[in-house]
Amino acid sequence: MKENIHELKEESVLEMLEKQYQETDDKNALDYWEPISKIILESIELRDAKNMSQTDLAVAMNTKQSVISRFENMGRLPNYDFIARLSLALSHSPGMTLYGDYMAVVPLEKQGFIKELADKENISTKKYVQAILDQGITLRRNICEDTQRRDANTTLETMLNLDFTEDDVIPLQRIKTNESYPPKVTLALATPYQGSGFSLAS
Amino acid sequence: MHIIYYPDLIDKEEGNGPIIKFFKKLKDERPPALWVLVKTTLEKVEKSSNLDDLERQGWVERMPYLKTSIYEFKIPPKKRKEGVVRLYFAYKKNDPNTIIILSAEKKHGKIKADNEKVKQAEQRFKEVCL
């Protein structure tokens with residue numbers, strides 16, 4: 001036995017792949033393929049979760065099993081019609097966004113819970129998640145403003161050498177929010193992966 | 001799950017290990033679709049707690065004709081005109097949450113695959129997993 005692997009530095013494959021990605025000059029070429037890779041893995045996962053064979057999915061999509069097989073093995077680049085029919089066959093409505101970096105994704109395992117909550121409110125899952133996201137962004141923005149205000153007050157206090165009390169800081173809940181900010185975030189939900197350009201949205 | 005690679009870990013010259021070289025070559029191919037698919041798949045593996053799903057879906061398979069517990073990671077599982085990637089791995093001893101990639105190769109439908117990389121994986125398995 002050579003060296004003991006248990007004593008070696010354990011660099012993971014993903015760290016190595018990420019390093020390779022960061023070192024590349026042509027990130028666009030790699031980014032181009034990422035959404036389709038994610039869509040493939042996601043559709044296989046959904047098909048598997050629904051206990052569907054490739055043939056079952058093909059029937060639901062009104063196509064042939066070989067078409068599904070080619071798609072799942074990255075031998076065929078799907079067009080919009082294929083993606084849309086795939087979404088519908090897997091009981092999702094098609095979604096699409098160009099905002100890959102900003103796309104919000106509800107992980108597959110939490111989708112059931114979110115749907116339950118949305119049903120209780122009698123609104124669609126999409127609207128429910130949009131509301132949560134808006135709320136979260138507003139809250140985060142308030143916290144940032146509050147911190148900035150605190151910092152500004154502390155600086156002023158230091159400069160003027162004045163006493164500073166907690167009451168001088170506006171409580172978070174009393175800060176009036178500007179409804180026009182933040183801008184609406186484009187959503188394409190229901191995928192367990194982040195950052196893909198397409199989504200099998202719900 | 002945690003994925004590590006061997007023997008690059010003990011290679012003295014950083015970035016010169018066979019698996020790093022293999023992935024670099026794959027990344028530099030145009031189009032780099034296969035490299036991205038490998039990366040995305042491994043990211044998915046890292047997020048999961050086991051490989052059961054991938055095994056059921058045909059992406060992971062234990063190599064039945066080998067005496068050692070070496071598995072084959074097929075990315076993607078079926079043949080493809082532009083070629084496919086096969087990663088040979090084993091579970092880390094006493095740690096079912098860590099896999100060690102022992103060797104890797106790109107297979108192409110037109111080329112008859114030899115077993116060189118599988119033999120290499122077996123050899124490395126003996127070095128690190130027994």
# chains A, B, ... in the order shown; residues from 1 in each chain; ligands from 1
$ residues_around --residues "Ile83 of chain A" --least-positions-apart "4" --cutoff "12 Å" --atoms "only C-alpha atoms" --output "ChimeraX atom specification"
/A:35-36,39-40,42-43,61,68,71,76-79,87-90,92-96,197-201
$ write_last_selection --atoms "N, CA and C atoms" --output "mmCIF file, in the first residue's frame"
data_model
loop_
_atom_site.group_PDB
_atom_site.id
_atom_site.type_symbol
_atom_site.label_atom_id
_atom_site.label_comp_id
_atom_site.auth_asym_id
_atom_site.auth_seq_id
_atom_site.Cartn_x
_atom_site.Cartn_y
_atom_site.Cartn_z
ATOM 1 N N PRO A 35 -27.555 25.331 -18.632
ATOM 2 C CA PRO A 35 -29.001 25.135 -18.488
ATOM 3 C C PRO A 35 -29.499 23.804 -19.051
ATOM 4 N N ILE A 36 -28.993 23.419 -20.199
ATOM 5 C CA ILE A 36 -29.480 22.179 -20.808
ATOM 6 C C ILE A 36 -29.057 20.969 -19.969
ATOM 7 N N ILE A 39 -31.469 20.910 -17.092
ATOM 8 C CA ILE A 39 -32.803 20.491 -17.535
ATOM 9 C C ILE A 39 -32.849 18.967 -17.705
ATOM 10 N N ILE A 40 -31.797 18.423 -18.284
ATOM 11 C CA ILE A 40 -31.757 16.969 -18.510
ATOM 12 C C ILE A 40 -31.841 16.232 -17.172
ATOM 13 N N GLU A 42 -32.789 17.330 -14.306
ATOM 14 C CA GLU A 42 -34.035 17.629 -13.620
ATOM 15 C C GLU A 42 -35.196 16.807 -14.175
ATOM 16 N N SER A 43 -35.262 16.701 -15.498
ATOM 17 C CA SER A 43 -36.380 15.963 -16.094
ATOM 18 C C SER A 43 -36.280 14.467 -15.756
ATOM 19 N N MET A 61 -46.016 12.958 -24.041
ATOM 20 C CA MET A 61 -45.559 14.082 -24.866
ATOM 21 C C MET A 61 -45.907 13.907 -26.337
ATOM 22 N N ILE A 68 -36.960 10.756 -26.410
ATOM 23 C CA ILE A 68 -36.689 11.012 -24.983
ATOM 24 C C ILE A 68 -35.283 10.522 -24.644
ATOM 25 N N PHE A 71 -32.668 12.847 -25.942
ATOM 26 C CA PHE A 71 -32.642 14.075 -25.142
ATOM 27 C C PHE A 71 -31.924 13.832 -23.804
ATOM 28 N N ARG A 76 -29.557 15.322 -28.323
ATOM 29 C CA ARG A 76 -30.498 16.133 -29.087
ATOM 30 C C ARG A 76 -30.747 17.415 -28.298
ATOM 31 N N LEU A 77 -30.590 18.538 -28.953
ATOM 32 C CA LEU A 77 -30.879 19.799 -28.278
ATOM 33 C C LEU A 77 -32.356 20.114 -28.465
ATOM 34 N N PRO A 78 -33.100 20.251 -27.389
ATOM 35 C CA PRO A 78 -34.547 20.444 -27.530
ATOM 36 C C PRO A 78 -34.900 21.853 -27.978
ATOM 37 N N ASN A 79 -35.973 21.964 -28.715
ATOM 38 C CA ASN A 79 -36.462 23.298 -29.062
ATOM 39 C C ASN A 79 -37.546 23.699 -28.048
ATOM 40 N N SER A 87 -42.460 19.992 -19.887
ATOM 41 C CA SER A 87 -42.961 20.586 -18.645
ATOM 42 C C SER A 87 -44.386 20.134 -18.369
ATOM 43 N N LEU A 88 -45.220 20.225 -19.407
ATOM 44 C CA LEU A 88 -46.633 19.869 -19.236
ATOM 45 C C LEU A 88 -46.789 18.380 -18.908
ATOM 46 N N ALA A 89 -45.993 17.554 -19.571
ATOM 47 C CA ALA A 89 -46.092 16.105 -19.330
ATOM 48 C C ALA A 89 -45.676 15.751 -17.905
ATOM 49 N N LEU A 90 -44.799 16.582 -17.331
ATOM 50 C CA LEU A 90 -44.367 16.328 -15.958
ATOM 51 C C LEU A 90 -45.180 17.162 -14.950
ATOM 52 N N HIS A 92 -46.087 20.334 -14.881
ATOM 53 C CA HIS A 92 -45.683 21.698 -14.544
ATOM 54 C C HIS A 92 -46.022 22.598 -15.715
ATOM 55 N N SER A 93 -46.211 23.884 -15.395
ATOM 56 C CA SER A 93 -46.421 24.789 -16.526
ATOM 57 C C SER A 93 -45.058 25.331 -16.934
ATOM 58 N N PRO A 94 -44.843 25.514 -18.220
ATOM 59 C CA PRO A 94 -43.511 25.940 -18.665
ATOM 60 C C PRO A 94 -43.134 27.319 -18.127
ATOM 61 N N GLY A 95 -41.904 27.481 -17.810
ATOM 62 C CA GLY A 95 -41.417 28.785 -17.350
ATOM 63 C C GLY A 95 -40.097 29.079 -18.014
ATOM 64 N N MET A 96 -39.816 30.334 -18.157
ATOM 65 C CA MET A 96 -38.579 30.677 -18.845
ATOM 66 C C MET A 96 -38.092 32.023 -18.326
ATOM 67 N N GLY A 197 -31.257 28.615 -17.338
ATOM 68 C CA GLY A 197 -32.004 29.601 -18.112
ATOM 69 C C GLY A 197 -33.442 29.188 -18.322
ATOM 70 N N PHE A 198 -33.682 27.929 -18.328
ATOM 71 C CA PHE A 198 -35.043 27.422 -18.460
ATOM 72 C C PHE A 198 -35.449 26.781 -17.150
ATOM 73 N N SER A 199 -36.720 26.491 -17.055
ATOM 74 C CA SER A 199 -37.155 25.784 -15.880
ATOM 75 C C SER A 199 -38.438 25.049 -16.180
ATOM 76 N N LEU A 200 -38.621 23.957 -15.496
ATOM 77 C CA LEU A 200 -39.899 23.258 -15.601
ATOM 78 C C LEU A 200 -40.771 23.873 -14.526
ATOM 79 N N ALA A 201 -41.264 25.034 -14.787
ATOM 80 C CA ALA A 201 -41.848 25.859 -13.732
ATOM 81 C C ALA A 201 -43.232 25.398 -13.310
#
$ interface_residues --of "chain B" --to "chain A" --cutoff "6 Å" --atoms "only C-alpha atoms" --output "NGL selection string"
:B and (3-4 or 33 or 37 or 76 or 80 or 127-128)
$ select_by_dssp --residues "segment 1-171 of chain A" --states "helix (DSSP H, G or I)" --output "MDAnalysis selection string"
chainID A and resid 5:7 13:23 27:49 54:60 65:72 80:89 100:102 108:121 125:160 166:168
$ write_last_selection --atoms "C-alpha atoms" --output "tab-separated table (two decimals), in the first residue's frame"
chain	number	residue	atom	x	y	z
A	5	ILE	CA	-5.31	8.14	1.66
A	6	HIS	CA	-6.97	8.89	4.97
A	7	GLU	CA	-4.06	11.16	5.86
A	13	VAL	CA	-13.66	16.89	-7.51
A	14	LEU	CA	-16.07	19.80	-7.41
A	15	GLU	CA	-13.41	22.13	-6.01
A	16	MET	CA	-11.16	21.04	-8.82
A	17	LEU	CA	-13.85	21.49	-11.47
A	18	GLU	CA	-14.76	24.91	-10.09
A	19	LYS	CA	-11.08	25.90	-10.20
A	20	GLN	CA	-10.94	24.79	-13.82
A	21	TYR	CA	-14.09	26.79	-14.58
A	22	GLN	CA	-12.65	29.93	-12.95
A	23	GLU	CA	-9.40	29.55	-14.89
A	27	LYS	CA	-16.79	31.08	-19.65
A	28	ASN	CA	-19.58	31.83	-22.14
A	29	ALA	CA	-18.94	28.54	-23.90
A	30	LEU	CA	-19.37	26.67	-20.61
A	31	ASP	CA	-22.32	28.76	-19.42
A	32	TYR	CA	-24.07	28.06	-22.72
A	33	TRP	CA	-24.34	24.35	-21.86
A	34	GLU	CA	-25.23	24.60	-18.20
A	35	PRO	CA	-29.00	25.14	-18.49
A	36	ILE	CA	-29.48	22.18	-20.81
A	37	SER	CA	-27.41	19.93	-18.52
A	38	LYS	CA	-29.58	20.94	-15.58
A	39	ILE	CA	-32.80	20.49	-17.54
A	40	ILE	CA	-31.76	16.97	-18.51
A	41	LEU	CA	-30.93	15.93	-14.94
A	42	GLU	CA	-34.03	17.63	-13.62
A	43	SER	CA	-36.38	15.96	-16.09
A	44	ILE	CA	-34.87	12.54	-15.34
A	45	GLU	CA	-35.35	13.18	-11.63
A	46	LEU	CA	-38.96	14.26	-12.10
A	47	ARG	CA	-39.73	11.36	-14.42
A	48	ASP	CA	-38.20	8.97	-11.89
A	49	ALA	CA	-40.14	10.57	-9.01
A	54	GLN	CA	-39.14	6.87	-21.03
A	55	THR	CA	-41.98	5.29	-22.99
A	56	ASP	CA	-44.60	6.67	-20.55
A	57	LEU	CA	-43.13	10.12	-20.91
A	58	ALA	CA	-43.00	9.77	-24.68
A	59	VAL	CA	-46.70	8.86	-24.75
A	60	ALA	CA	-47.53	11.86	-22.54
A	65	GLN	CA	-39.23	6.81	-26.71
A	66	SER	CA	-36.08	7.23	-28.82
A	67	VAL	CA	-36.60	11.00	-28.80
A	68	ILE	CA	-36.69	11.01	-24.98
A	69	SER	CA	-33.63	8.77	-24.84
A	70	ARG	CA	-31.68	11.03	-27.19
A	71	PHE	CA	-32.64	14.08	-25.14
A	72	GLU	CA	-31.68	12.45	-21.82
A	80	TYR	CA	-39.09	25.36	-27.25
A	81	ASP	CA	-41.91	23.04	-28.27
A	82	PHE	CA	-40.11	20.06	-26.74
A	83	ILE	CA	-39.33	21.89	-23.48
A	84	ALA	CA	-42.91	23.13	-23.16
A	85	ARG	CA	-44.39	19.68	-23.80
A	86	LEU	CA	-41.90	18.15	-21.38
A	87	SER	CA	-42.96	20.59	-18.65
A	88	LEU	CA	-46.63	19.87	-19.24
A	89	ALA	CA	-46.09	16.11	-19.33
A	100	GLY	CA	-30.37	32.98	-14.77
A	101	ASP	CA	-28.44	34.54	-11.90
A	102	TYR	CA	-31.57	35.96	-10.30
A	108	LEU	CA	-38.02	19.80	-5.20
A	109	GLU	CA	-38.35	18.51	-1.63
A	110	LYS	CA	-39.96	21.78	-0.43
A	111	GLN	CA	-42.41	22.18	-3.28
A	112	GLY	CA	-45.15	20.14	-1.62
A	113	PHE	CA	-44.99	22.23	1.54
A	114	ILE	CA	-45.07	25.49	-0.43
A	115	LYS	CA	-48.06	24.26	-2.41
A	116	GLU	CA	-49.92	23.42	0.82
A	117	LEU	CA	-49.32	26.93	2.16
A	118	ALA	CA	-50.38	28.51	-1.11
A	119	ASP	CA	-53.57	26.41	-1.16
A	120	LYS	CA	-54.43	27.62	2.33
A	121	GLU	CA	-54.12	31.20	1.11
A	125	THR	CA	-47.86	28.67	-5.85
A	126	LYS	CA	-46.15	31.10	-8.18
A	127	LYS	CA	-47.84	34.12	-6.55
A	128	TYR	CA	-47.18	32.74	-3.07
A	129	VAL	CA	-43.47	32.32	-3.69
A	130	GLN	CA	-43.26	35.72	-5.36
A	131	ALA	CA	-44.81	37.25	-2.22
A	132	ILE	CA	-42.31	35.45	0.05
A	133	LEU	CA	-39.46	36.64	-2.12
A	134	ASP	CA	-40.70	40.24	-2.16
A	135	GLN	CA	-41.12	40.14	1.61
A	136	GLY	CA	-37.65	38.68	2.09
A	137	ILE	CA	-36.00	41.28	-0.14
A	138	THR	CA	-37.85	44.13	1.56
A	139	LEU	CA	-36.84	42.85	4.98
A	140	ARG	CA	-33.22	42.46	3.91
A	141	ARG	CA	-33.24	45.97	2.47
A	142	ASN	CA	-34.64	47.37	5.72
A	143	ILE	CA	-31.96	45.61	7.72
A	144	CYS	CA	-29.28	47.08	5.44
A	145	GLU	CA	-30.74	50.59	5.76
A	146	ASP	CA	-31.04	50.17	9.51
A	147	THR	CA	-27.43	49.11	9.78
A	148	GLN	CA	-26.33	52.04	7.61
A	149	ARG	CA	-28.36	54.40	9.78
A	150	ARG	CA	-26.80	52.95	12.91
A	151	ASP	CA	-23.33	53.35	11.43
A	152	ALA	CA	-24.07	56.91	10.38
A	153	ASN	CA	-25.42	57.76	13.83
A	154	THR	CA	-22.45	56.16	15.52
A	155	THR	CA	-20.07	58.19	13.38
A	156	LEU	CA	-21.96	61.38	14.12
A	157	GLU	CA	-22.02	60.54	17.79
A	158	THR	CA	-18.30	59.99	17.78
A	159	MET	CA	-17.69	63.23	15.94
A	160	LEU	CA	-19.85	65.32	18.20
A	166	GLU	CA	-31.20	52.97	21.42
A	167	ASP	CA	-34.31	55.15	20.90
A	168	ASP	CA	-32.48	57.15	18.28
$ closest_residue --among "B:Val36, B:Ile70, B:Leu51, B:Val85" --to "Asn97 of chain B" --atoms "only C-alpha atoms"
B:Leu51
$ atom_distance --atom1 "atom CA of Thr68 of chain B" --atom2 "atom CA of Asn16 of chain B"
27.1 Å
$ closest_residue --among "B:Gln123, B:His108, B:Val118, B:Leu42" --to "Lys81 of chain B" --atoms "only C-alpha atoms"
B:His108
$ atom_distance --atom1 "atom CA of Lys21 of chain B" --atom2 "atom CA of Glu105 of chain B"
11.0 Å
